[in-house]
Structures are given as C-alpha cells and as structure tokens.
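Enquirer: data-v3.txt is the file, holding compact mmCIF, N, CA and C atoms:
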```
# COMPACT_ATOMS: atom_id res chain seq x y z
N MET A 1 15.48 -26.88 -62.72
CA MET A 1 15.69 -25.49 -63.09
C MET A 1 15.03 -24.62 -62.02
N PRO A 2 15.76 -23.67 -61.43
CA PRO A 2 15.18 -22.80 -60.42
C PRO A 2 14.17 -21.85 -61.05
N THR A 3 13.18 -21.54 -60.29
CA THR A 3 12.16 -20.60 -60.77
C THR A 3 12.35 -19.26 -60.08
N GLY A 4 11.80 -18.23 -60.67
CA GLY A 4 11.89 -16.90 -60.09
C GLY A 4 10.94 -16.73 -58.93
N PRO A 5 10.94 -15.56 -58.34
CA PRO A 5 10.05 -15.31 -57.21
C PRO A 5 8.59 -15.39 -57.65
N ASP A 6 7.74 -15.74 -56.71
CA ASP A 6 6.30 -15.83 -56.99
C ASP A 6 5.76 -14.43 -57.22
N THR A 7 5.21 -14.19 -58.40
CA THR A 7 4.68 -12.87 -58.72
C THR A 7 3.16 -12.89 -58.83
N THR A 8 2.53 -13.94 -58.29
CA THR A 8 1.08 -14.02 -58.31
C THR A 8 0.50 -12.83 -57.55
N PRO A 9 -0.47 -12.11 -58.13
CA PRO A 9 -1.05 -10.98 -57.41
C PRO A 9 -1.66 -11.45 -56.08
N ARG A 10 -1.40 -10.72 -55.05
CA ARG A 10 -1.92 -11.04 -53.73
C ARG A 10 -2.73 -9.85 -53.23
N ARG A 11 -3.59 -10.12 -52.29
CA ARG A 11 -4.34 -9.02 -51.70
C ARG A 11 -4.28 -9.17 -50.20
N PRO A 12 -4.37 -8.07 -49.47
CA PRO A 12 -4.40 -8.17 -48.02
C PRO A 12 -5.65 -8.93 -47.58
N LEU A 13 -5.51 -9.74 -46.57
CA LEU A 13 -6.66 -10.47 -46.04
C LEU A 13 -7.25 -9.71 -44.86
N ARG A 14 -8.57 -9.70 -44.80
CA ARG A 14 -9.25 -9.21 -43.60
C ARG A 14 -9.40 -10.44 -42.71
N VAL A 15 -8.88 -10.36 -41.52
CA VAL A 15 -8.78 -11.55 -40.68
C VAL A 15 -9.45 -11.32 -39.34
N VAL A 16 -10.18 -12.33 -38.89
CA VAL A 16 -10.63 -12.35 -37.51
C VAL A 16 -9.79 -13.44 -36.83
N ALA A 17 -9.10 -13.09 -35.78
CA ALA A 17 -8.24 -14.04 -35.09
C ALA A 17 -8.60 -14.04 -33.62
N GLU A 18 -8.67 -15.23 -33.04
CA GLU A 18 -8.91 -15.26 -31.61
C GLU A 18 -8.05 -16.30 -30.94
N ASP A 19 -7.66 -15.97 -29.75
CA ASP A 19 -6.82 -16.85 -28.97
C ASP A 19 -6.57 -16.14 -27.64
N ASN A 20 -5.67 -16.69 -26.83
CA ASN A 20 -5.35 -15.97 -25.60
C ASN A 20 -4.57 -14.71 -25.97
N ALA A 21 -4.44 -13.79 -25.04
CA ALA A 21 -3.88 -12.47 -25.33
C ALA A 21 -2.47 -12.54 -25.92
N ILE A 22 -1.62 -13.38 -25.38
CA ILE A 22 -0.24 -13.45 -25.87
C ILE A 22 -0.20 -14.03 -27.28
N ASN A 23 -0.92 -15.14 -27.51
CA ASN A 23 -0.94 -15.73 -28.85
C ASN A 23 -1.59 -14.78 -29.85
N ALA A 24 -2.63 -14.07 -29.44
CA ALA A 24 -3.29 -13.12 -30.33
C ALA A 24 -2.31 -12.01 -30.74
N LEU A 25 -1.50 -11.55 -29.81
CA LEU A 25 -0.51 -10.52 -30.12
C LEU A 25 0.52 -11.03 -31.12
N VAL A 26 0.98 -12.26 -30.93
CA VAL A 26 1.95 -12.86 -31.86
C VAL A 26 1.34 -12.98 -33.26
N VAL A 27 0.12 -13.53 -33.33
CA VAL A 27 -0.53 -13.72 -34.63
C VAL A 27 -0.81 -12.37 -35.29
N ARG A 28 -1.32 -11.41 -34.51
CA ARG A 28 -1.61 -10.07 -35.05
C ARG A 28 -0.34 -9.44 -35.61
N THR A 29 0.74 -9.52 -34.86
CA THR A 29 2.00 -8.92 -35.30
C THR A 29 2.48 -9.52 -36.62
N LEU A 30 2.43 -10.84 -36.71
CA LEU A 30 2.85 -11.50 -37.94
C LEU A 30 1.96 -11.11 -39.11
N LEU A 31 0.65 -11.13 -38.90
CA LEU A 31 -0.28 -10.82 -39.99
C LEU A 31 -0.08 -9.40 -40.49
N VAL A 32 0.05 -8.46 -39.58
CA VAL A 32 0.25 -7.06 -39.99
C VAL A 32 1.58 -6.91 -40.71
N ARG A 33 2.62 -7.58 -40.22
CA ARG A 33 3.93 -7.53 -40.87
C ARG A 33 3.87 -8.07 -42.28
N GLU A 34 2.98 -9.06 -42.50
CA GLU A 34 2.83 -9.66 -43.82
C GLU A 34 1.87 -8.87 -44.72
N GLY A 35 1.35 -7.73 -44.23
CA GLY A 35 0.50 -6.88 -45.04
C GLY A 35 -0.98 -7.16 -44.93
N HIS A 36 -1.38 -7.94 -43.93
CA HIS A 36 -2.79 -8.26 -43.75
C HIS A 36 -3.40 -7.37 -42.68
N GLU A 37 -4.69 -7.27 -42.71
CA GLU A 37 -5.43 -6.44 -41.77
C GLU A 37 -6.11 -7.35 -40.75
N VAL A 38 -5.78 -7.16 -39.48
CA VAL A 38 -6.47 -7.89 -38.43
C VAL A 38 -7.62 -6.99 -37.99
N VAL A 39 -8.82 -7.39 -38.35
CA VAL A 39 -9.99 -6.55 -38.13
C VAL A 39 -10.49 -6.67 -36.70
N VAL A 40 -10.58 -7.89 -36.23
CA VAL A 40 -11.14 -8.14 -34.89
C VAL A 40 -10.34 -9.26 -34.24
N VAL A 41 -10.07 -9.11 -32.97
CA VAL A 41 -9.53 -10.20 -32.17
C VAL A 41 -10.55 -10.43 -31.07
N VAL A 42 -11.05 -11.65 -30.99
CA VAL A 42 -12.06 -11.98 -29.98
C VAL A 42 -11.50 -13.07 -29.07
N GLY A 43 -12.06 -13.17 -27.87
CA GLY A 43 -11.55 -14.11 -26.90
C GLY A 43 -12.43 -15.29 -26.61
N THR A 44 -13.61 -15.35 -27.24
CA THR A 44 -14.52 -16.47 -26.99
C THR A 44 -15.11 -16.96 -28.30
N GLY A 45 -15.56 -18.19 -28.28
CA GLY A 45 -16.21 -18.74 -29.47
C GLY A 45 -17.50 -18.00 -29.81
N GLU A 46 -18.24 -17.63 -28.79
CA GLU A 46 -19.49 -16.88 -29.02
C GLU A 46 -19.20 -15.55 -29.70
N ALA A 47 -18.13 -14.87 -29.26
CA ALA A 47 -17.75 -13.60 -29.88
C ALA A 47 -17.31 -13.80 -31.33
N ALA A 48 -16.67 -14.94 -31.63
CA ALA A 48 -16.27 -15.23 -33.01
C ALA A 48 -17.50 -15.40 -33.90
N VAL A 49 -18.49 -16.13 -33.41
CA VAL A 49 -19.73 -16.33 -34.16
C VAL A 49 -20.40 -14.98 -34.41
N ASP A 50 -20.48 -14.15 -33.36
CA ASP A 50 -21.11 -12.83 -33.49
C ASP A 50 -20.35 -11.94 -34.47
N ALA A 51 -19.00 -11.93 -34.37
CA ALA A 51 -18.20 -11.07 -35.25
C ALA A 51 -18.39 -11.44 -36.70
N THR A 52 -18.44 -12.75 -36.99
CA THR A 52 -18.58 -13.17 -38.38
C THR A 52 -19.98 -12.94 -38.91
N ALA A 53 -20.95 -12.74 -38.03
CA ALA A 53 -22.31 -12.41 -38.46
C ALA A 53 -22.43 -10.92 -38.77
N GLN A 54 -21.57 -10.12 -38.18
CA GLN A 54 -21.66 -8.67 -38.32
C GLN A 54 -20.88 -8.09 -39.49
N GLN A 55 -19.82 -8.79 -39.91
CA GLN A 55 -19.03 -8.28 -41.04
C GLN A 55 -18.36 -9.43 -41.77
N ALA A 56 -17.92 -9.12 -42.99
CA ALA A 56 -17.27 -10.14 -43.83
C ALA A 56 -15.78 -10.19 -43.53
N PHE A 57 -15.25 -11.40 -43.51
CA PHE A 57 -13.83 -11.63 -43.33
C PHE A 57 -13.35 -12.54 -44.44
N ASP A 58 -12.06 -12.50 -44.71
CA ASP A 58 -11.46 -13.40 -45.69
C ASP A 58 -11.04 -14.71 -45.04
N VAL A 59 -10.56 -14.63 -43.81
CA VAL A 59 -10.06 -15.80 -43.10
C VAL A 59 -10.43 -15.67 -41.63
N GLY A 60 -10.84 -16.77 -41.04
CA GLY A 60 -11.03 -16.84 -39.60
C GLY A 60 -9.99 -17.77 -39.03
N LEU A 61 -9.22 -17.30 -38.07
CA LEU A 61 -8.29 -18.16 -37.35
C LEU A 61 -8.98 -18.52 -36.05
N MET A 62 -9.34 -19.78 -35.90
CA MET A 62 -10.23 -20.22 -34.82
C MET A 62 -9.48 -21.08 -33.82
N ASP A 63 -9.29 -20.55 -32.62
CA ASP A 63 -8.68 -21.35 -31.57
C ASP A 63 -9.66 -22.46 -31.18
N MET A 64 -9.16 -23.63 -30.96
CA MET A 64 -10.03 -24.77 -30.67
C MET A 64 -10.46 -24.85 -29.21
N GLN A 65 -9.76 -24.16 -28.30
CA GLN A 65 -10.10 -24.24 -26.89
C GLN A 65 -10.38 -22.85 -26.36
N MET A 66 -11.60 -22.38 -26.61
CA MET A 66 -12.01 -21.06 -26.14
C MET A 66 -13.12 -21.20 -25.13
N PRO A 67 -13.29 -20.18 -24.31
CA PRO A 67 -14.43 -20.20 -23.39
C PRO A 67 -15.75 -20.01 -24.14
N GLU A 68 -16.83 -20.35 -23.48
CA GLU A 68 -18.21 -20.24 -23.96
C GLU A 68 -18.52 -21.28 -25.04
N LEU A 69 -17.85 -21.20 -26.16
CA LEU A 69 -17.97 -22.19 -27.24
C LEU A 69 -16.57 -22.54 -27.68
N ASP A 70 -16.29 -23.83 -27.83
CA ASP A 70 -14.98 -24.17 -28.38
C ASP A 70 -15.00 -23.90 -29.88
N GLY A 71 -13.85 -24.00 -30.51
CA GLY A 71 -13.73 -23.69 -31.93
C GLY A 71 -14.55 -24.59 -32.82
N ILE A 72 -14.74 -25.84 -32.41
CA ILE A 72 -15.55 -26.77 -33.20
C ILE A 72 -17.00 -26.31 -33.23
N GLU A 73 -17.55 -26.02 -32.06
CA GLU A 73 -18.96 -25.60 -32.00
C GLU A 73 -19.16 -24.23 -32.65
N ALA A 74 -18.21 -23.31 -32.45
CA ALA A 74 -18.30 -22.00 -33.08
C ALA A 74 -18.31 -22.15 -34.61
N THR A 75 -17.45 -23.01 -35.13
CA THR A 75 -17.41 -23.25 -36.57
C THR A 75 -18.72 -23.86 -37.05
N ARG A 76 -19.24 -24.82 -36.32
CA ARG A 76 -20.53 -25.43 -36.71
C ARG A 76 -21.63 -24.36 -36.80
N ARG A 77 -21.65 -23.45 -35.85
CA ARG A 77 -22.67 -22.38 -35.89
C ARG A 77 -22.47 -21.45 -37.08
N ILE A 78 -21.23 -21.11 -37.36
CA ILE A 78 -20.94 -20.27 -38.52
C ILE A 78 -21.36 -20.99 -39.80
N ARG A 79 -21.04 -22.27 -39.91
CA ARG A 79 -21.40 -23.04 -41.11
C ARG A 79 -22.92 -23.17 -41.24
N ALA A 80 -23.62 -23.34 -40.13
CA ALA A 80 -25.08 -23.42 -40.18
C ALA A 80 -25.66 -22.11 -40.71
N ARG A 81 -25.13 -20.99 -40.27
CA ARG A 81 -25.60 -19.69 -40.76
C ARG A 81 -25.28 -19.55 -42.24
N GLU A 82 -24.11 -20.02 -42.66
CA GLU A 82 -23.74 -19.93 -44.06
C GLU A 82 -24.66 -20.75 -44.96
N GLN A 83 -25.23 -21.81 -44.44
CA GLN A 83 -26.20 -22.59 -45.22
C GLN A 83 -27.39 -21.72 -45.61
N ARG A 84 -27.73 -20.78 -44.76
CA ARG A 84 -28.86 -19.88 -45.04
C ARG A 84 -28.45 -18.70 -45.93
N THR A 85 -27.19 -18.23 -45.80
CA THR A 85 -26.78 -17.02 -46.50
C THR A 85 -26.04 -17.27 -47.81
N GLY A 86 -25.45 -18.46 -47.96
CA GLY A 86 -24.67 -18.76 -49.16
C GLY A 86 -23.24 -18.26 -49.09
N ALA A 87 -22.88 -17.56 -48.00
CA ALA A 87 -21.51 -17.08 -47.83
C ALA A 87 -20.61 -18.24 -47.43
N ARG A 88 -19.30 -18.03 -47.52
CA ARG A 88 -18.36 -19.07 -47.08
C ARG A 88 -17.09 -18.40 -46.59
N LEU A 89 -16.83 -18.53 -45.30
CA LEU A 89 -15.62 -18.01 -44.67
C LEU A 89 -14.59 -19.12 -44.59
N ARG A 90 -13.36 -18.85 -45.01
CA ARG A 90 -12.27 -19.80 -44.77
C ARG A 90 -11.98 -19.78 -43.29
N ILE A 91 -12.05 -20.94 -42.65
CA ILE A 91 -11.75 -21.01 -41.21
C ILE A 91 -10.61 -21.99 -41.00
N CYS A 92 -9.60 -21.52 -40.32
CA CYS A 92 -8.42 -22.32 -40.03
C CYS A 92 -8.33 -22.52 -38.52
N ALA A 93 -8.24 -23.77 -38.10
CA ALA A 93 -8.11 -24.10 -36.68
C ALA A 93 -6.71 -23.77 -36.19
N LEU A 94 -6.65 -23.18 -35.01
CA LEU A 94 -5.38 -23.05 -34.30
C LEU A 94 -5.48 -24.03 -33.15
N THR A 95 -4.66 -25.06 -33.17
CA THR A 95 -4.82 -26.11 -32.18
C THR A 95 -3.50 -26.68 -31.69
N ALA A 96 -3.45 -26.97 -30.40
CA ALA A 96 -2.30 -27.67 -29.84
C ALA A 96 -2.44 -29.16 -30.08
N ASN A 97 -3.64 -29.60 -30.48
CA ASN A 97 -3.92 -31.02 -30.73
C ASN A 97 -3.98 -31.26 -32.23
N ALA A 98 -2.84 -31.59 -32.82
CA ALA A 98 -2.80 -31.79 -34.27
C ALA A 98 -2.58 -33.26 -34.60
N MET A 99 -3.20 -34.14 -33.82
CA MET A 99 -3.11 -35.56 -34.11
C MET A 99 -4.21 -35.92 -35.10
N LYS A 100 -4.09 -37.08 -35.74
CA LYS A 100 -5.03 -37.47 -36.80
C LYS A 100 -6.49 -37.32 -36.40
N GLY A 101 -6.88 -37.82 -35.23
CA GLY A 101 -8.26 -37.73 -34.79
C GLY A 101 -8.73 -36.30 -34.61
N ASP A 102 -7.84 -35.44 -34.10
CA ASP A 102 -8.20 -34.04 -33.90
C ASP A 102 -8.37 -33.32 -35.23
N ILE A 103 -7.51 -33.64 -36.18
CA ILE A 103 -7.60 -33.04 -37.50
C ILE A 103 -8.90 -33.46 -38.18
N ALA A 104 -9.27 -34.72 -38.02
CA ALA A 104 -10.53 -35.21 -38.59
C ALA A 104 -11.72 -34.50 -37.95
N ARG A 105 -11.69 -34.28 -36.64
CA ARG A 105 -12.77 -33.55 -35.96
C ARG A 105 -12.90 -32.14 -36.53
N CYS A 106 -11.78 -31.49 -36.78
CA CYS A 106 -11.80 -30.14 -37.35
C CYS A 106 -12.44 -30.17 -38.73
N SER A 107 -12.04 -31.10 -39.55
CA SER A 107 -12.58 -31.22 -40.90
C SER A 107 -14.08 -31.53 -40.85
N ASP A 108 -14.48 -32.45 -39.98
CA ASP A 108 -15.90 -32.81 -39.86
C ASP A 108 -16.75 -31.63 -39.44
N ALA A 109 -16.18 -30.70 -38.67
CA ALA A 109 -16.93 -29.53 -38.20
C ALA A 109 -17.02 -28.44 -39.27
N GLY A 110 -16.26 -28.60 -40.36
CA GLY A 110 -16.32 -27.61 -41.43
C GLY A 110 -15.12 -26.68 -41.49
N LEU A 111 -14.09 -26.96 -40.70
CA LEU A 111 -12.88 -26.15 -40.77
C LEU A 111 -12.15 -26.47 -42.07
N ASP A 112 -11.58 -25.45 -42.69
CA ASP A 112 -10.93 -25.60 -43.98
C ASP A 112 -9.47 -26.04 -43.86
N ASP A 113 -8.85 -25.72 -42.75
CA ASP A 113 -7.43 -25.98 -42.58
C ASP A 113 -7.13 -25.95 -41.10
N TYR A 114 -5.89 -26.24 -40.75
CA TYR A 114 -5.49 -26.15 -39.35
C TYR A 114 -4.03 -25.77 -39.26
N LEU A 115 -3.69 -25.13 -38.17
CA LEU A 115 -2.31 -24.81 -37.83
C LEU A 115 -2.05 -25.34 -36.44
N ALA A 116 -0.97 -26.07 -36.29
CA ALA A 116 -0.61 -26.62 -34.98
C ALA A 116 0.09 -25.55 -34.14
N LYS A 117 -0.15 -25.60 -32.85
CA LYS A 117 0.56 -24.75 -31.91
C LYS A 117 1.66 -25.59 -31.26
N PRO A 118 2.77 -24.99 -30.94
CA PRO A 118 3.07 -23.58 -31.18
C PRO A 118 3.16 -23.31 -32.68
N LEU A 119 2.75 -22.11 -33.06
CA LEU A 119 2.70 -21.76 -34.47
C LEU A 119 4.08 -21.76 -35.10
N ASP A 120 4.18 -22.38 -36.25
CA ASP A 120 5.38 -22.30 -37.08
C ASP A 120 5.12 -21.14 -38.02
N LEU A 121 5.83 -20.05 -37.82
CA LEU A 121 5.54 -18.83 -38.58
C LEU A 121 5.73 -19.02 -40.08
N SER A 122 6.65 -19.88 -40.48
CA SER A 122 6.83 -20.09 -41.92
C SER A 122 5.62 -20.82 -42.51
N VAL A 123 5.02 -21.73 -41.75
CA VAL A 123 3.82 -22.43 -42.23
C VAL A 123 2.65 -21.45 -42.31
N LEU A 124 2.47 -20.62 -41.27
CA LEU A 124 1.41 -19.62 -41.30
C LEU A 124 1.61 -18.68 -42.49
N ARG A 125 2.82 -18.27 -42.73
CA ARG A 125 3.11 -17.37 -43.85
C ARG A 125 2.72 -18.02 -45.18
N ARG A 126 3.06 -19.31 -45.36
CA ARG A 126 2.71 -20.01 -46.61
C ARG A 126 1.20 -20.12 -46.78
N LYS A 127 0.50 -20.44 -45.70
CA LYS A 127 -0.96 -20.56 -45.79
C LYS A 127 -1.58 -19.22 -46.13
N LEU A 128 -1.11 -18.15 -45.50
CA LEU A 128 -1.64 -16.82 -45.79
C LEU A 128 -1.40 -16.45 -47.25
N ALA A 129 -0.24 -16.81 -47.77
CA ALA A 129 0.05 -16.53 -49.18
C ALA A 129 -0.94 -17.25 -50.08
N CYS A 130 -1.24 -18.49 -49.76
CA CYS A 130 -2.21 -19.25 -50.57
C CYS A 130 -3.59 -18.61 -50.49
N TRP A 131 -3.97 -18.20 -49.30
CA TRP A 131 -5.31 -17.64 -49.10
C TRP A 131 -5.45 -16.25 -49.70
N SER A 132 -4.34 -15.57 -49.96
CA SER A 132 -4.43 -14.19 -50.43
C SER A 132 -4.29 -14.05 -51.93
N ILE A 133 -4.40 -15.15 -52.67
CA ILE A 133 -4.39 -15.06 -54.13
C ILE A 133 -5.47 -14.05 -54.52
N ALA A 134 -5.18 -13.25 -55.51
CA ALA A 134 -6.03 -12.10 -55.84
C ALA A 134 -7.50 -12.44 -56.07
N THR A 135 -7.80 -13.60 -56.61
CA THR A 135 -9.19 -13.92 -56.87
C THR A 135 -9.75 -14.77 -55.74
N PRO A 136 -10.60 -14.19 -54.87
CA PRO A 136 -11.15 -14.96 -53.76
C PRO A 136 -12.19 -15.96 -54.25
N PRO A 137 -12.45 -17.01 -53.45
CA PRO A 137 -13.48 -17.96 -53.84
C PRO A 137 -14.85 -17.29 -53.86
N SER A 138 -15.73 -17.80 -54.68
CA SER A 138 -17.08 -17.26 -54.76
C SER A 138 -17.82 -17.51 -53.45
N PRO A 139 -18.52 -16.50 -52.93
CA PRO A 139 -19.25 -16.72 -51.68
C PRO A 139 -20.52 -17.55 -51.88
N GLU A 140 -20.90 -17.79 -53.11
CA GLU A 140 -22.11 -18.55 -53.38
C GLU A 140 -21.76 -19.85 -54.08
N PRO A 141 -22.50 -20.90 -53.82
CA PRO A 141 -22.24 -22.16 -54.52
C PRO A 141 -22.41 -21.98 -56.02
N ALA A 142 -21.56 -22.65 -56.78
CA ALA A 142 -21.64 -22.56 -58.24
C ALA A 142 -22.94 -23.21 -58.74
N ALA A 143 -23.54 -22.62 -59.72
CA ALA A 143 -24.77 -23.19 -60.29
C ALA A 143 -24.42 -24.44 -61.09
N ARG A 144 -25.24 -25.43 -61.00
CA ARG A 144 -25.02 -26.66 -61.77
C ARG A 144 -25.58 -26.48 -63.17
N SER A 145 -24.83 -26.96 -64.13
CA SER A 145 -25.34 -26.86 -65.51
C SER A 145 -26.32 -28.00 -65.75
N ALA A 146 -27.31 -27.74 -66.56
CA ALA A 146 -28.36 -28.74 -66.81
C ALA A 146 -27.98 -29.67 -67.92
```
Let me see whether you can do it: turn the structure in this file into structure tokens.
Expert:
Amino acid sequence: MPTGPDTTPRRPLRVVAEDNAINALVVRTLLVREGHEVVVVVGTGEAAVDATAQQAFDVGLMDMQMPELDGIEATRRIRAREQRTGARLRICALTANAMKGDIARCSDAGLDDYLAKPLDLSVLRRKLACWSIATPPSPEPAARSA
C-alpha cells in the first residue's frame, strides 16, 4: 500500500561545511535550496575545530583531506572537547575514500556518518531530512536510572 508524503516536522539545520571552494559552493547551494542555513564554511581542519568551539551547529560536514588537520584528527579534537562539555555535534565525513577500512576509520574517530564523493545529491538530501527531524538529540548524556 503506498504511503502519503512524509509530514514529519522538520527544522532548518545550522551547518558548518568545509571542503575545497568548488565543492563547498555545491554543498552550500544544495543545503540552502533544501531550507538549511550554512553558517560557516571553513577550509582547514583547524578552522573547523575553532568554529565548532565558538558556536553551536546541528551538523558538521567534515572533509577528510584538509590542510593543517585532516577530518579524522579534527573530529577527534572536537570529540575530546565534547567529553568536557557534554555537547554532541553530528559530524558527517565527506570522503572520496568510502571503502570498508576508510569507513571504519571514520567511525573509530567519532564520525556519525559519511558521504562518498562525488556527492550523490539524493543521498545528501535523505541524510539531511533524517538529521532535521524536529526533535534534536539531547546535547547531554542521558542520566542512568538507579
């Protein structure tokens, strides 16, 4: 039986995206067209770490091959800071290397998801829809019941 259109409430995502200038323009254009706000576009892993320390984002799109710090190390630094603050940023790898070992490295570093390059816009659109469900995840770990 066919179902109707998805009417789940969605909210615009505040996104930090980084990549080379051409890829950043493509990603920014798609995100804005989909109703999301691209707050910052940075070109280095160090800048990504700094940007996420200065303001809250809903999603980080992290290129895996950036100057200064690659996406793995930048994510590790963000996750280390989150251990102290209790916050949690969804971070999605943007990678040309989407083989099993590369995906495992991303997961081990604390990345929540990955998108293979070249970007499949329909896949990015589906992931953004999932991430934009109206109720965001709690930024603090849930308390354990005694």
Enquirer: Between A:Val26, A:Ala104, A:Leu119, A:Val16, which is the closest to Val41 in chain A once you count all atoms listed in the file?
Expert: A:Val16
Enquirer: Take atom N of Asp58 in chain A and atom N of Asp102 in chain A and report the distance between them in Å, one decimal.
Expert: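 Value for the atom N of Asp58 in chain A-atom N of Asp102 in chain A distance: 25.6 Å.
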Enquirer: Work out how far apart atom C of Arg14 in chain A and atom C of Arg105 in chain A are and give it in Å to one decimal.
Expert: 22.8 Å
Enquirer: Please, what distance in Å, to one decimal, runs between CA of Asp50 in chain A and CA of Met64 in chain A?
Expert: 16.5 Å
Enquirer: Point out the residue among A:Gln54, A:Thr44, A:Ser122, A:Thr29 with the least atom-to-atom distance to Gly71 in chain A, counting only C-alpha atoms.
Expert: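 Using only C-alpha atoms, the shortest distance to Gly71 in chain A belongs to A:Thr44.
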Enquirer: Enumerate, as a VMD selection string, the complete set of residues in range 26-97 of chain A that a backbone-based DSSP assignment places in strand (DSSP E or B).
Expert: chain A and resid 37 to 42 59 to 63 90 to 95
Enquirer: Please determine, counting all atoms listed in the file, which residue among A:Asp113, A:Asn20, A:Pro12, A:Ile91 has the shortest atom-to-atom distance to Leu61 in chain A.
Expert: A:Ile91
Enquirer: Taking into account all atoms listed in the file, which residue in the set A:Pro67, A:Gly60, A:Gly43, A:Gly110 is nearest to Leu94 in chain A?
Expert: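 Of all the options, A:Gly60 lies closest to Leu94 in chain A.
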Enquirer: Looking at only C-alpha atoms, which of A:Met66, A:Ser107, A:Leu121, A:Ser132 is the one that sits closest to Val27 in chain A?
Expert: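 Closest to Val27 in chain A of all the choices is A:Leu121.
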Enquirer: Restricting the calculation to only C-alpha atoms, which member of A:Leu115, A:Val15, A:Val32, A:Ile72 is positioned closest to Thr52 in chain A?
Expert: A:Val15
Enquirer: Would you give me, as JSON, numbers by chain, the residues in range 67-143 of chain A that DSSP reads as helix (DSSP H, G or I)?
Expert: {"A": [71, 72, 73, 74, 75, 76, 77, 78, 79, 80, 81, 82, 83, 84, 85, 100, 101, 102, 103, 104, 105, 106, 107, 108, 109, 121, 122, 123, 124, 125, 126, 127, 128, 129, 130, 131]}
Enquirer: Keeping only N, CA and C atoms, write those residues as a CSV table (one decimal), keeping the file's coordinate frame.
Expert:
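Output file out_14.csv follows:
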```
chain,number,residue,atom,x,y,z
A,71,GLY,N,-13.8,-24.0,-30.5
A,71,GLY,CA,-13.7,-23.7,-31.9
A,71,GLY,C,-14.6,-24.6,-32.8
A,72,ILE,N,-14.7,-25.8,-32.4
A,72,ILE,CA,-15.6,-26.8,-33.2
A,72,ILE,C,-17.0,-26.3,-33.2
A,73,GLU,N,-17.6,-26.0,-32.1
A,73,GLU,CA,-19.0,-25.6,-32.0
A,73,GLU,C,-19.2,-24.2,-32.6
A,74,ALA,N,-18.2,-23.3,-32.4
A,74,ALA,CA,-18.3,-22.0,-33.1
A,74,ALA,C,-18.3,-22.2,-34.6
A,75,THR,N,-17.4,-23.0,-35.1
A,75,THR,CA,-17.4,-23.2,-36.6
A,75,THR,C,-18.7,-23.9,-37.0
A,76,ARG,N,-19.2,-24.8,-36.3
A,76,ARG,CA,-20.5,-25.4,-36.7
A,76,ARG,C,-21.6,-24.4,-36.8
A,77,ARG,N,-21.6,-23.4,-35.8
A,77,ARG,CA,-22.7,-22.4,-35.9
A,77,ARG,C,-22.5,-21.4,-37.1
A,78,ILE,N,-21.2,-21.1,-37.4
A,78,ILE,CA,-20.9,-20.3,-38.5
A,78,ILE,C,-21.4,-21.0,-39.8
A,79,ARG,N,-21.0,-22.3,-39.9
A,79,ARG,CA,-21.4,-23.0,-41.1
A,79,ARG,C,-22.9,-23.2,-41.2
A,80,ALA,N,-23.6,-23.3,-40.1
A,80,ALA,CA,-25.1,-23.4,-40.2
A,80,ALA,C,-25.7,-22.1,-40.7
A,81,ARG,N,-25.1,-21.0,-40.3
A,81,ARG,CA,-25.6,-19.7,-40.8
A,81,ARG,C,-25.3,-19.6,-42.2
A,82,GLU,N,-24.1,-20.0,-42.7
A,82,GLU,CA,-23.7,-19.9,-44.1
A,82,GLU,C,-24.7,-20.8,-45.0
A,83,GLN,N,-25.2,-21.8,-44.4
A,83,GLN,CA,-26.2,-22.6,-45.2
A,83,GLN,C,-27.4,-21.7,-45.6
A,84,ARG,N,-27.7,-20.8,-44.8
A,84,ARG,CA,-28.9,-19.9,-45.0
A,84,ARG,C,-28.4,-18.7,-45.9
A,85,THR,N,-27.2,-18.2,-45.8
A,85,THR,CA,-26.8,-17.0,-46.5
A,85,THR,C,-26.0,-17.3,-47.8
A,100,LYS,N,-4.1,-37.1,-35.7
A,100,LYS,CA,-5.0,-37.5,-36.8
A,100,LYS,C,-6.5,-37.3,-36.4
A,101,GLY,N,-6.9,-37.8,-35.2
A,101,GLY,CA,-8.3,-37.7,-34.8
A,101,GLY,C,-8.7,-36.3,-34.6
A,102,ASP,N,-7.8,-35.4,-34.1
A,102,ASP,CA,-8.2,-34.0,-33.9
A,102,ASP,C,-8.4,-33.3,-35.2
A,103,ILE,N,-7.5,-33.6,-36.2
A,103,ILE,CA,-7.6,-33.0,-37.5
A,103,ILE,C,-8.9,-33.5,-38.2
A,104,ALA,N,-9.3,-34.7,-38.0
A,104,ALA,CA,-10.5,-35.2,-38.6
A,104,ALA,C,-11.7,-34.5,-38.0
A,105,ARG,N,-11.7,-34.3,-36.6
A,105,ARG,CA,-12.8,-33.6,-36.0
A,105,ARG,C,-12.9,-32.1,-36.5
A,106,CYS,N,-11.8,-31.5,-36.8
A,106,CYS,CA,-11.8,-30.1,-37.4
A,106,CYS,C,-12.4,-30.2,-38.7
A,107,SER,N,-12.0,-31.1,-39.6
A,107,SER,CA,-12.6,-31.2,-40.9
A,107,SER,C,-14.1,-31.5,-40.8
A,108,ASP,N,-14.5,-32.4,-40.0
A,108,ASP,CA,-15.9,-32.8,-39.9
A,108,ASP,C,-16.8,-31.6,-39.4
A,109,ALA,N,-16.2,-30.7,-38.7
A,109,ALA,CA,-16.9,-29.5,-38.2
A,109,ALA,C,-17.0,-28.4,-39.3
A,121,LEU,N,5.8,-20.0,-37.8
A,121,LEU,CA,5.5,-18.8,-38.6
A,121,LEU,C,5.7,-19.0,-40.1
A,122,SER,N,6.6,-19.9,-40.5
A,122,SER,CA,6.8,-20.1,-41.9
A,122,SER,C,5.6,-20.8,-42.5
A,123,VAL,N,5.0,-21.7,-41.8
A,123,VAL,CA,3.8,-22.4,-42.2
A,123,VAL,C,2.6,-21.4,-42.3
A,124,LEU,N,2.5,-20.6,-41.3
A,124,LEU,CA,1.4,-19.6,-41.3
A,124,LEU,C,1.6,-18.7,-42.5
A,125,ARG,N,2.8,-18.3,-42.7
A,125,ARG,CA,3.1,-17.4,-43.8
A,125,ARG,C,2.7,-18.0,-45.2
A,126,ARG,N,3.1,-19.3,-45.4
A,126,ARG,CA,2.7,-20.0,-46.6
A,126,ARG,C,1.2,-20.1,-46.8
A,127,LYS,N,0.5,-20.4,-45.7
A,127,LYS,CA,-1.0,-20.6,-45.8
A,127,LYS,C,-1.6,-19.2,-46.1
A,128,LEU,N,-1.1,-18.2,-45.5
A,128,LEU,CA,-1.6,-16.8,-45.8
A,128,LEU,C,-1.4,-16.4,-47.2
A,129,ALA,N,-0.2,-16.8,-47.8
A,129,ALA,CA,0.0,-16.5,-49.2
A,129,ALA,C,-0.9,-17.2,-50.1
A,130,CYS,N,-1.2,-18.5,-49.8
A,130,CYS,CA,-2.2,-19.2,-50.6
A,130,CYS,C,-3.6,-18.6,-50.5
A,131,TRP,N,-4.0,-18.2,-49.3
A,131,TRP,CA,-5.3,-17.6,-49.1
A,131,TRP,C,-5.4,-16.2,-49.7
```
